[in-house]
Amino acid sequence: MAAQRVAIIGAGASGLCALKCCLDEGLVPTCFERSGDIGGLWRFEEHPEEGRASIYRSVIINTSKEMMCFSDFPIPEDFPNYMHNSKIMEYFRMAPSNSSPSHGLLSLQQHPAPSSPPPLDGGGCCSPSSRTSIPVQGAWRGPSPVPRKLSCHHLPSPSSQVFLSTKRGTWVLHRLADGGYPFDFSYIRRSIQLLRSLVPHEVSSFFVERKLNARFDHALYGLQPQHRIFEQHLTINDDLPNRIISGRVLVKPNIQEFTETSAIFEDGTREDIDAVVFATGYSFSFPFLEGCVKVVENQIPLYKFMFPPDLEKPTLAFIGFVQPQGAIMPISELQCRWATRIFKGLQDLPPPADMLADITQTKEKMAKRYVRSQRHTIQVDYIPYMDELACQVGVKPNLLTLFLTDPKLALEVAFGPCTPYQYRLWGPGRWAGAREAILTQHQRIIKPLQPRAGGRPAHSSTMPHIFKVIFSVGLIVATLVYVSLSP
């Protein structure tokens, strides 16, 4: 039988994951990309194509390299831990042709986005398109009209004053954790996730908020919201406190209205402004799938945020349609590994009624936890969601088995960062280099920070040896508790 064909809409980060996984499974992908190159949002262009969002020139990603890479292709050790967008594009160009022999067959041709789903027999994967929208009151006659699509290189440079208007405030994380390690590398760990699941929500919120306020007092800087830290998607920014304390950024309350040349805020103050940048989130749209899916108030009913539950056959999957507290690429890749197995008929989805029940339960949990907002409709916690997907594919790490067969690896998996390599240790798509990648991940973090030969050696272990000895005693108990709480 001829290999099944799969349409992939978009060649951004999630589209590349889909291409890679289709090739790994022996499927024949056709990628529809409106531009002439890969990378999507991460491909900076001074003048991007009409309708395509673009980052600004200096953008640096806020997830570290070990946490965001393909699960079978580590980012080179000499790359910085937080990469500039040009380095991300360099990695994208390396990964498809080098991570497995079959990827040498990959080529990209420019196709317009389809006006309707193409008649392919395997299935389709698509990433959401996003557009910003906000109602504006009052007339505007300033130099930069409010409705205009405005990028940072259009703004006056340098701006004499920046006003940050925030409706609710926000909790601000920094890229660096204690000791200078990447924040996600230090805190997205199974041991910490287990601890969070065992203690009350208020307790974990208290300790994390206290730690963030030790860096800078959010109330003092006018940013502290009324909600707790895990009730809103977090903001990651290293420079904002410095800008506020130096007066370059003034924090203001929500905007009440615009006049011809100024903004009036809810506290009654008025400021003359020359340009407005809306950082108000995104609205989802799938104009080429109107007959298949319906978006209402930024909500779309998808099983595990991927599959429409009411299709006759499971031949459509949404990839990367989540907002995680962590990196998106490993999630997109694991979603694609599951989707391609569904397309090939190696696995089946539950009955529609079961999928709808799961969708309803997920929606209720999200509504109970998060501040009511159209932004909080696709939120997921990184490790629980990755493990949920891994259970579907059959690649979730078995900590008890690891502890009995490979204690050194078990300690790193249980107490070290939850890097994507953990989902290549066994099961479909097993990668022989996964163990080595996990045990050397600290070396790749340290390498770009110590270019001089003979520099002071850094700690390469997950934790001091004495703590390893102490925790080893309780590892079996913790593992059993973790397994019993996991899906």
# chains A, B, ... in the order shown; residues from 1 in each chain; ligands from 1
call {"tool": "residues_around", "arguments": {"residues": "A:Asp272", "least_positions_apart": "3", "cutoff": "7 Å", "atoms": "only C-alpha atoms", "output": "number ranges by chain"}}
result
A: 261-263
call {"tool": "residues_around", "arguments": {"residues": "A:Ala434", "least_positions_apart": "2", "cutoff": "7 Å", "atoms": "only C-alpha atoms", "output": "MDAnalysis selection string"}}
result
chainID A and resid 72 421:422 424:425 431:432 436:438
call {"tool": "write_last_selection", "arguments": {"atoms": "N, CA, C and O atoms", "output": "PDB file, in the first residue's frame"}}
result
ATOM      1  N   ASP A  72      15.318  14.104  20.096  1.00  0.00           N
ATOM      2  CA  ASP A  72      16.406  13.241  19.628  1.00  0.00           C
ATOM      3  C   ASP A  72      17.499  14.028  18.926  1.00  0.00           C
ATOM      4  O   ASP A  72      18.292  13.470  18.175  1.00  0.00           O
ATOM      5  N   TYR A 421      14.443  14.636  26.248  1.00  0.00           N
ATOM      6  CA  TYR A 421      15.067  13.328  26.020  1.00  0.00           C
ATOM      7  C   TYR A 421      14.410  12.225  26.853  1.00  0.00           C
ATOM      8  O   TYR A 421      14.490  11.042  26.501  1.00  0.00           O
ATOM      9  N   GLN A 422      13.768  12.614  27.964  1.00  0.00           N
ATOM     10  CA  GLN A 422      13.142  11.603  28.820  1.00  0.00           C
ATOM     11  C   GLN A 422      12.074  10.803  28.073  1.00  0.00           C
ATOM     12  O   GLN A 422      11.806   9.655  28.428  1.00  0.00           O
ATOM     13  N   ARG A 424      12.261   9.701  25.108  1.00  0.00           N
ATOM     14  CA  ARG A 424      12.869   8.851  24.083  1.00  0.00           C
ATOM     15  C   ARG A 424      13.600   7.660  24.702  1.00  0.00           C
ATOM     16  O   ARG A 424      14.354   6.972  24.031  1.00  0.00           O
ATOM     17  N   LEU A 425      13.382   7.423  25.990  1.00  0.00           N
ATOM     18  CA  LEU A 425      14.101   6.347  26.667  1.00  0.00           C
ATOM     19  C   LEU A 425      13.594   4.976  26.252  1.00  0.00           C
ATOM     20  O   LEU A 425      14.366   4.016  26.207  1.00  0.00           O
ATOM     21  N   TRP A 431      15.145   6.412  21.231  1.00  0.00           N
ATOM     22  CA  TRP A 431      16.415   6.921  20.703  1.00  0.00           C
ATOM     23  C   TRP A 431      17.549   6.398  21.564  1.00  0.00           C
ATOM     24  O   TRP A 431      17.553   6.573  22.784  1.00  0.00           O
ATOM     25  N   ALA A 432      18.509   5.757  20.958  1.00  0.00           N
ATOM     26  CA  ALA A 432      19.617   5.140  21.698  1.00  0.00           C
ATOM     27  C   ALA A 432      20.462   6.174  22.439  1.00  0.00           C
ATOM     28  O   ALA A 432      21.125   5.852  23.435  1.00  0.00           O
ATOM     29  N   GLU A 436      22.447   9.119  27.284  1.00  0.00           N
ATOM     30  CA  GLU A 436      23.653   9.959  27.270  1.00  0.00           C
ATOM     31  C   GLU A 436      23.277  11.440  27.245  1.00  0.00           C
ATOM     32  O   GLU A 436      23.923  12.261  27.906  1.00  0.00           O
ATOM     33  N   ALA A 437      22.247  11.792  26.494  1.00  0.00           N
ATOM     34  CA  ALA A 437      21.826  13.190  26.422  1.00  0.00           C
ATOM     35  C   ALA A 437      21.362  13.694  27.785  1.00  0.00           C
ATOM     36  O   ALA A 437      21.647  14.839  28.165  1.00  0.00           O
ATOM     37  N   ILE A 438      20.660  12.850  28.541  1.00  0.00           N
ATOM     38  CA  ILE A 438      20.182  13.242  29.865  1.00  0.00           C
ATOM     39  C   ILE A 438      21.351  13.419  30.834  1.00  0.00           C
ATOM     40  O   ILE A 438      21.404  14.386  31.597  1.00  0.00           O
TER      41      ILE A 438
END
call {"tool": "closest_residue", "arguments": {"among": "A:Trp426, A:Phe305, A:Phe44, A:Phe288", "to": "A:Thr360", "atoms": "only C-alpha atoms"}}
result
A:Phe305
call {"tool": "closest_atom_pairs", "arguments": {"of": "stretch 262-340 of chain A", "to": "stretch 160-170 of chain A", "cutoff": "10 Å", "atoms": "only C-alpha atoms", "output": "tab-separated table"}}
result
residue	atom	partner	partner_atom	distance
A:Phe265	CA	A:Ser165	CA	8.2
A:Glu266	CA	A:Lys167	CA	9.5
A:Glu271	CA	A:Phe163	CA	8.7
A:Ile273	CA	A:Gln161	CA	8.8
A:Ala275	CA	A:Val162	CA	9.8
A:Val276	CA	A:Phe163	CA	9.6
A:Val277	CA	A:Leu164	CA	9.9
A:Phe278	CA	A:Ser165	CA	9.9
A:Ala279	CA	A:Ser165	CA	9.8
A:Thr280	CA	A:Thr166	CA	9.8
call {"tool": "write_last_selection", "arguments": {"atoms": "N, CA, C and O atoms", "output": "short mmCIF file (atom, residue, chain, number, x, y, z; two decimals), in the first residue's frame"}}
result
data_model
loop_
_atom_site.label_atom_id
_atom_site.label_comp_id
_atom_site.auth_asym_id
_atom_site.auth_seq_id
_atom_site.Cartn_x
_atom_site.Cartn_y
_atom_site.Cartn_z
N PHE A 265 -6.31 57.30 31.71
CA PHE A 265 -6.27 56.06 32.47
C PHE A 265 -7.38 56.05 33.52
O PHE A 265 -7.99 57.08 33.83
N GLU A 266 -7.65 54.88 34.08
CA GLU A 266 -8.76 54.72 35.00
C GLU A 266 -8.57 55.48 36.31
O GLU A 266 -9.54 55.70 37.04
N GLU A 271 -2.01 61.22 29.73
CA GLU A 271 -0.65 61.30 29.23
C GLU A 271 -0.68 61.49 27.71
O GLU A 271 -1.42 60.80 27.01
N ILE A 273 0.71 60.88 24.16
CA ILE A 273 1.46 59.76 23.60
C ILE A 273 1.53 59.88 22.08
O ILE A 273 0.69 60.53 21.45
N ALA A 275 2.49 56.92 20.10
CA ALA A 275 2.22 55.62 19.48
C ALA A 275 1.69 54.67 20.54
O ALA A 275 1.96 54.83 21.73
N VAL A 276 0.92 53.69 20.09
CA VAL A 276 0.32 52.69 20.99
C VAL A 276 0.68 51.30 20.49
O VAL A 276 0.55 51.01 19.30
N VAL A 277 1.16 50.47 21.38
CA VAL A 277 1.43 49.07 21.06
C VAL A 277 0.48 48.21 21.88
O VAL A 277 0.46 48.29 23.11
N PHE A 278 -0.35 47.42 21.22
CA PHE A 278 -1.26 46.52 21.91
C PHE A 278 -0.56 45.19 22.19
O PHE A 278 -0.16 44.51 21.27
N ALA A 279 -0.42 44.87 23.46
CA ALA A 279 0.10 43.56 23.87
C ALA A 279 -1.03 42.83 24.58
O ALA A 279 -0.91 42.42 25.73
N THR A 280 -2.14 42.68 23.88
CA THR A 280 -3.40 42.26 24.49
C THR A 280 -3.75 40.81 24.19
O THR A 280 -4.87 40.38 24.46
#
call {"tool": "residues_around", "arguments": {"residues": "stretch 377-392 of chain A", "least_positions_apart": "5", "cutoff": "8 Å", "atoms": "only C-alpha atoms", "output": "PDB file with N, CA and C atoms, in the first residue's frame"}}
result
ATOM      1  N   ILE A 188      11.530  23.189  36.333  1.00  0.00           N
ATOM      2  CA  ILE A 188      10.611  22.244  35.693  1.00  0.00           C
ATOM      3  C   ILE A 188      11.187  20.846  35.889  1.00  0.00           C
ATOM      4  N   ARG A 189      10.866  20.281  37.041  1.00  0.00           N
ATOM      5  CA  ARG A 189      11.423  18.990  37.461  1.00  0.00           C
ATOM      6  C   ARG A 189      10.311  18.131  38.054  1.00  0.00           C
ATOM      7  N   ARG A 190      10.444  16.843  37.914  1.00  0.00           N
ATOM      8  CA  ARG A 190       9.420  15.936  38.423  1.00  0.00           C
ATOM      9  C   ARG A 190       9.306  16.015  39.943  1.00  0.00           C
ATOM     10  N   GLN A 193       7.320  19.108  40.676  1.00  0.00           N
ATOM     11  CA  GLN A 193       5.933  18.900  40.277  1.00  0.00           C
ATOM     12  C   GLN A 193       5.204  18.002  41.282  1.00  0.00           C
ATOM     13  N   HIS A 233      -1.188  33.160  33.280  1.00  0.00           N
ATOM     14  CA  HIS A 233       0.038  32.830  32.563  1.00  0.00           C
ATOM     15  C   HIS A 233       1.119  33.822  32.968  1.00  0.00           C
ATOM     16  N   ASN A 298     -12.539  32.475  21.750  1.00  0.00           N
ATOM     17  CA  ASN A 298     -11.205  31.872  21.860  1.00  0.00           C
ATOM     18  C   ASN A 298     -11.240  30.460  22.450  1.00  0.00           C
ATOM     19  N   GLN A 299     -12.356  29.800  22.343  1.00  0.00           N
ATOM     20  CA  GLN A 299     -12.464  28.427  22.822  1.00  0.00           C
ATOM     21  C   GLN A 299     -12.843  27.523  21.668  1.00  0.00           C
ATOM     22  N   PHE A 305      -6.536  19.028  23.501  1.00  0.00           N
ATOM     23  CA  PHE A 305      -6.127  20.223  22.747  1.00  0.00           C
ATOM     24  C   PHE A 305      -5.627  19.881  21.346  1.00  0.00           C
ATOM     25  N   PHE A 321      -1.361  23.967  19.787  1.00  0.00           N
ATOM     26  CA  PHE A 321      -2.497  24.806  20.139  1.00  0.00           C
ATOM     27  C   PHE A 321      -2.671  24.821  21.652  1.00  0.00           C
ATOM     28  N   VAL A 322      -1.597  25.112  22.370  1.00  0.00           N
ATOM     29  CA  VAL A 322      -1.591  25.164  23.829  1.00  0.00           C
ATOM     30  C   VAL A 322      -0.720  26.332  24.273  1.00  0.00           C
ATOM     31  N   GLN A 323      -0.908  26.753  25.504  1.00  0.00           N
ATOM     32  CA  GLN A 323      -0.058  27.779  26.108  1.00  0.00           C
ATOM     33  C   GLN A 323       0.516  27.189  27.388  1.00  0.00           C
ATOM     34  N   PRO A 324       1.724  26.632  27.300  1.00  0.00           N
ATOM     35  CA  PRO A 324       2.290  25.936  28.466  1.00  0.00           C
ATOM     36  C   PRO A 324       3.101  26.861  29.358  1.00  0.00           C
ATOM     37  N   GLN A 325       3.277  26.435  30.600  1.00  0.00           N
ATOM     38  CA  GLN A 325       4.264  27.061  31.476  1.00  0.00           C
ATOM     39  C   GLN A 325       5.591  26.347  31.207  1.00  0.00           C
ATOM     40  N   GLY A 326       6.138  26.580  30.049  1.00  0.00           N
ATOM     41  CA  GLY A 326       7.350  25.897  29.604  1.00  0.00           C
ATOM     42  C   GLY A 326       7.473  26.001  28.106  1.00  0.00           C
ATOM     43  N   ALA A 327       8.371  25.219  27.532  1.00  0.00           N
ATOM     44  CA  ALA A 327       8.657  25.294  26.101  1.00  0.00           C
ATOM     45  C   ALA A 327       7.550  24.643  25.281  1.00  0.00           C
ATOM     46  N   ILE A 331       6.376  19.886  23.345  1.00  0.00           N
ATOM     47  CA  ILE A 331       4.959  19.532  23.366  1.00  0.00           C
ATOM     48  C   ILE A 331       4.469  19.277  21.950  1.00  0.00           C
ATOM     49  N   LEU A 334       5.762  15.895  20.710  1.00  0.00           N
ATOM     50  CA  LEU A 334       5.082  14.741  21.296  1.00  0.00           C
ATOM     51  C   LEU A 334       3.641  14.646  20.782  1.00  0.00           C
ATOM     52  N   GLN A 335       3.001  15.778  20.576  1.00  0.00           N
ATOM     53  CA  GLN A 335       1.681  15.765  19.948  1.00  0.00           C
ATOM     54  C   GLN A 335       1.749  15.127  18.560  1.00  0.00           C
ATOM     55  N   TRP A 338       2.077  11.367  18.582  1.00  0.00           N
ATOM     56  CA  TRP A 338       0.790  10.727  18.815  1.00  0.00           C
ATOM     57  C   TRP A 338      -0.105  10.819  17.571  1.00  0.00           C
ATOM     58  N   LYS A 363     -11.996  21.890  30.638  1.00  0.00           N
ATOM     59  CA  LYS A 363     -12.481  23.275  30.612  1.00  0.00           C
ATOM     60  C   LYS A 363     -12.886  23.729  32.009  1.00  0.00           C
ATOM     61  N   MET A 366      -9.806  24.411  34.145  1.00  0.00           N
ATOM     62  CA  MET A 366      -9.154  25.651  33.751  1.00  0.00           C
ATOM     63  C   MET A 366      -9.917  26.864  34.281  1.00  0.00           C
ATOM     64  N   CYS A 418      13.204  18.194  33.571  1.00  0.00           N
ATOM     65  CA  CYS A 418      12.417  17.303  32.721  1.00  0.00           C
ATOM     66  C   CYS A 418      12.649  17.696  31.264  1.00  0.00           C
ATOM     67  N   TYR A 423      11.504  11.403  27.042  1.00  0.00           N
ATOM     68  CA  TYR A 423      10.426  10.744  26.303  1.00  0.00           C
ATOM     69  C   TYR A 423      10.941   9.963  25.096  1.00  0.00           C
ATOM     70  N   SER A 486      -0.289  10.180  38.792  1.00  0.00           N
ATOM     71  CA  SER A 486      -0.176  10.508  37.368  1.00  0.00           C
ATOM     72  C   SER A 486      -1.308   9.883  36.597  1.00  0.00           C
ATOM     73  N   PRO A 487      -1.651  10.471  35.409  1.00  0.00           N
ATOM     74  CA  PRO A 487      -2.719   9.892  34.607  1.00  0.00           C
ATOM     75  C   PRO A 487      -2.321   8.556  34.015  1.00  0.00           C
TER      76      PRO A 487
END
call {"tool": "select_by_dssp", "arguments": {"residues": "stretch 165-391 of chain A", "states": "helix (DSSP H, G or I)", "output": "MDAnalysis selection string"}}
result
chainID A and resid 178:180 183:187 190:198 201:215 229:231 240:245 287:289 329:343 352:369 382:391
call {"tool": "decode", "arguments": {"residues": "stretch 405-426 of chain A", "atoms": "N, CA, C and O atoms", "output": "short mmCIF file (atom, residue, chain, number, x, y, z; two decimals), in the first residue's frame"}}
result
data_model
loop_
_atom_site.label_atom_id
_atom_site.label_comp_id
_atom_site.auth_asym_id
_atom_site.auth_seq_id
_atom_site.Cartn_x
_atom_site.Cartn_y
_atom_site.Cartn_z
N THR A 405 16.82 -0.54 37.60
CA THR A 405 17.74 -0.97 36.53
C THR A 405 18.88 0.01 36.27
O THR A 405 19.95 -0.39 35.83
N ASP A 406 18.65 1.30 36.52
CA ASP A 406 19.67 2.31 36.21
C ASP A 406 19.52 3.46 37.21
O ASP A 406 18.99 4.51 36.89
N PRO A 407 19.98 3.26 38.46
CA PRO A 407 19.78 4.28 39.51
C PRO A 407 20.34 5.66 39.15
O PRO A 407 19.72 6.67 39.49
N LYS A 408 21.47 5.69 38.47
CA LYS A 408 22.05 6.98 38.11
C LYS A 408 21.13 7.78 37.20
O LYS A 408 20.89 8.97 37.41
N LEU A 409 20.60 7.11 36.20
CA LEU A 409 19.66 7.77 35.29
C LEU A 409 18.36 8.11 36.00
O LEU A 409 17.77 9.18 35.78
N ALA A 410 17.90 7.22 36.89
CA ALA A 410 16.66 7.46 37.63
C ALA A 410 16.75 8.73 38.46
O ALA A 410 15.79 9.52 38.51
N LEU A 411 17.89 8.96 39.12
CA LEU A 411 18.06 10.17 39.91
C LEU A 411 17.97 11.41 39.05
O LEU A 411 17.37 12.41 39.43
N GLU A 412 18.58 11.35 37.88
CA GLU A 412 18.55 12.52 36.99
C GLU A 412 17.15 12.77 36.44
O GLU A 412 16.72 13.91 36.31
N VAL A 413 16.43 11.70 36.13
CA VAL A 413 15.08 11.85 35.61
C VAL A 413 14.13 12.36 36.70
O VAL A 413 13.28 13.22 36.46
N ALA A 414 14.28 11.85 37.91
CA ALA A 414 13.37 12.21 38.99
C ALA A 414 13.66 13.59 39.56
O ALA A 414 12.73 14.34 39.88
N PHE A 415 14.93 13.94 39.71
CA PHE A 415 15.30 15.18 40.39
C PHE A 415 15.92 16.22 39.48
O PHE A 415 16.06 17.37 39.86
N GLY A 416 16.31 15.82 38.28
CA GLY A 416 16.88 16.77 37.34
C GLY A 416 15.79 17.41 36.50
O GLY A 416 14.60 17.16 36.67
N PRO A 417 16.18 18.29 35.58
CA PRO A 417 15.19 18.95 34.72
C PRO A 417 14.48 17.95 33.82
O PRO A 417 15.08 16.97 33.36
N CYS A 418 13.20 18.19 33.57
CA CYS A 418 12.42 17.30 32.72
C CYS A 418 12.65 17.70 31.26
O CYS A 418 11.82 18.36 30.64
N THR A 419 13.79 17.30 30.75
CA THR A 419 14.15 17.62 29.37
C THR A 419 13.45 16.67 28.40
O THR A 419 13.03 15.56 28.78
N PRO A 420 13.32 17.05 27.12
CA PRO A 420 12.58 16.23 26.15
C PRO A 420 13.15 14.83 25.95
O PRO A 420 12.42 13.92 25.55
N TYR A 421 14.44 14.64 26.25
CA TYR A 421 15.07 13.33 26.02
C TYR A 421 14.41 12.23 26.85
O TYR A 421 14.49 11.04 26.50
N GLN A 422 13.77 12.61 27.96
CA GLN A 422 13.14 11.60 28.82
C GLN A 422 12.07 10.80 28.07
O GLN A 422 11.81 9.66 28.43
N TYR A 423 11.50 11.40 27.04
CA TYR A 423 10.43 10.74 26.30
C TYR A 423 10.94 9.96 25.10
O TYR A 423 10.18 9.62 24.20
N ARG A 424 12.26 9.70 25.11
CA ARG A 424 12.87 8.85 24.08
C ARG A 424 13.60 7.66 24.70
O ARG A 424 14.35 6.97 24.03
N LEU A 425 13.38 7.42 25.99
CA LEU A 425 14.10 6.35 26.67
C LEU A 425 13.59 4.98 26.25
O LEU A 425 14.37 4.02 26.21
N TRP A 426 12.31 4.83 25.98
CA TRP A 426 11.75 3.57 25.50
C TRP A 426 10.43 3.83 24.81
O TRP A 426 9.93 4.96 24.77
#
